[in-house]
Amino acid sequence: MTAQANDLVRADLDRLLPIFEAKYLLPFQSGEAVRLAEAMQYSLEAGGKRVRPVLCMLAAEAIGGRAEAALSCAMALEFIHTYSLIHDDLPAMDDDDLRRGKPTNHVVFGEGQAILAGDGLLTEAFQVIAADTSLSAERRIEAVAVLAEAAGWRGMVGGQSLDLLGEALTRAGKPHDLEHLQVIHRLKTGALLRASVELGAVAAAATCAQRQALRKAGSLLGLAFQIQDDILDATSSEEEMGKRVGKDEGKGKITYPVLLGLEGARRALNETTERALCQLQSLPNPSSLTAWARFLAQRGN
Ligand code: GRG
């Protein structure tokens with residue numbers, strides 16, 4: 001990335017993160033289940049990069065809208081992302097004790113509360129959009145539909161299911177191929193990243209063509225993001241990632257580096273990112289979203 005693009009990413013984060021940080025914990029400040037609220041906030045505040053909220057707000061700006069218009073969608077995306085990490089770390093799933101350099105939710109709060117913290121975050125995501133009266137009723141319904149498709153069994157949850165089944169097949173000596181890996185990545189990681197840019201489009205009243213371009217770009221960015229995650233798992237240290245690494249290899253998991261080698265995976269990452277960026281060129285104000293997409297493809301954790 002050029003120094004200029006790096007500066008733009010930094011300036012955008014300095015501008016957008018305070019908008020997000022000022023509001024995203026408000027839904028958890030009142031209510032009777034105080035310990036559960038603590039569990040949800042623990043993971044929300046554990047130091048995530050806020051990739052999805054930033055993508056959502058930048059997508060709104062890329063079509064000439066305001067970041068603030070996309071705030072409830074940005075919050076909802078981070079709630080769903082955080083729920084997915086809490087549940088993914090559970091003993092029944094990936095059984096991880098470290099996330100973002102901190103003990104995982106179930107290690108601190110116990111398995112029962114961690115499951116409920118995930119459930120609470122998932123449902124709060126829809127609540128926060130439904131209650132956002134700054135969006136028209138039509139846009140709220142549209143946003144809820146986009147998010148439900150991306151988070152549910154046709155998206156992230158379905159991808160997680162295919163991934164778990166794929167691990168079992170690999171253990172049984174029947175590993176899947178690149179085509180099947182792409183399906184898993186598209187659903188498990190890609191769907192929520194695609195929804196991140198699409199929700200920015202919905203919140204900022206995109207035209208049909210703008211929404212289509214952002215949806216395609218989001219889909220490719222989601223794949224690129226996961227390819228980089230596969231590469232990082234194979235090449236980074238635990239300190240750099242803030243989580244256990246090398247687990248993919250340890251489990252014999254099929255990933256881009258396993259199927260294509262590291263160089264092949266890097267080539268696929270670059271090609272996928274460039275295809276995503278092509279989609280953005282037709283938008284009125286694509287530079288910040290473009291810089292952020294390049295930054296994500298080169299991120300170190
Ligand atoms: C359990 C319902 C359910 C779904 C789990 C998304 C997911 C499916 C599991 C999370 C584990 C994983 C490796 C997902 C791939 C996507 C990914 C790289 C997540 C990490 O996202 P970042 O880098 O995380 O945005 P931070 O910590 O920065 O928020």
# chains A, B, ... in the order shown; residues from 1 in each chain; ligands from 1
$ select_by_dssp --residues "range 83-235 of chain A" --states "strand (DSSP E or B)" --output "PyMOL selection string"
chain A and resi 98-99+102-103
$ closest_atom_pairs --of "chain A" --to "ligand 1" --cutoff "6 Å" --atoms "only C-alpha atoms and all ligand atoms" --output "tab-separated table"
residue	atom	partner	partner_atom_place_in_ligand_line	distance
A:Gly48	CA	ligand 1	29 (O)	3.6
A:Lys49	CA	ligand 1	28 (O)	3.8
A:Arg50	CA	ligand 1	29 (O)	5.8
A:Val51	CA	ligand 1	25 (O)	5.3
A:Ser84	CA	ligand 1	3 (C)	4.2
A:Leu85	CA	ligand 1	10 (C)	4.7
A:His87	CA	ligand 1	1 (C)	4.5
A:Asp88	CA	ligand 1	1 (C)	4.1
A:Arg100	CA	ligand 1	27 (O)	5.7
A:Met156	CA	ligand 1	8 (C)	5.8
A:Val157	CA	ligand 1	2 (C)	4.6
A:Gln160	CA	ligand 1	8 (C)	5.1
A:Lys188	CA	ligand 1	8 (C)	5.3
A:Thr189	CA	ligand 1	16 (C)	4.7
A:Gln226	CA	ligand 1	18 (C)	5.7
A:Asp229	CA	ligand 1	18 (C)	5.2
$ residues_around --residues "Leu116 in chain A" --least-positions-apart "6" --cutoff "9 Å" --atoms "only C-alpha atoms" --output "list of chain:residue names"
A:Leu36, A:Ala39, A:Met40
$ closest_residue --among "A:Leu192, A:Val128, A:Leu13, A:Ile141" --to "Gly159 in chain A" --atoms "only C-alpha atoms"
A:Leu192
$ residues_around --residues "Gly200 in chain A" --least-positions-apart "2" --cutoff "10 Å" --atoms "only C-alpha atoms" --output "PyMOL selection string"
chain A and resi 53-63+65-67+69-71+73-74+143+195-198+202-206+211+214
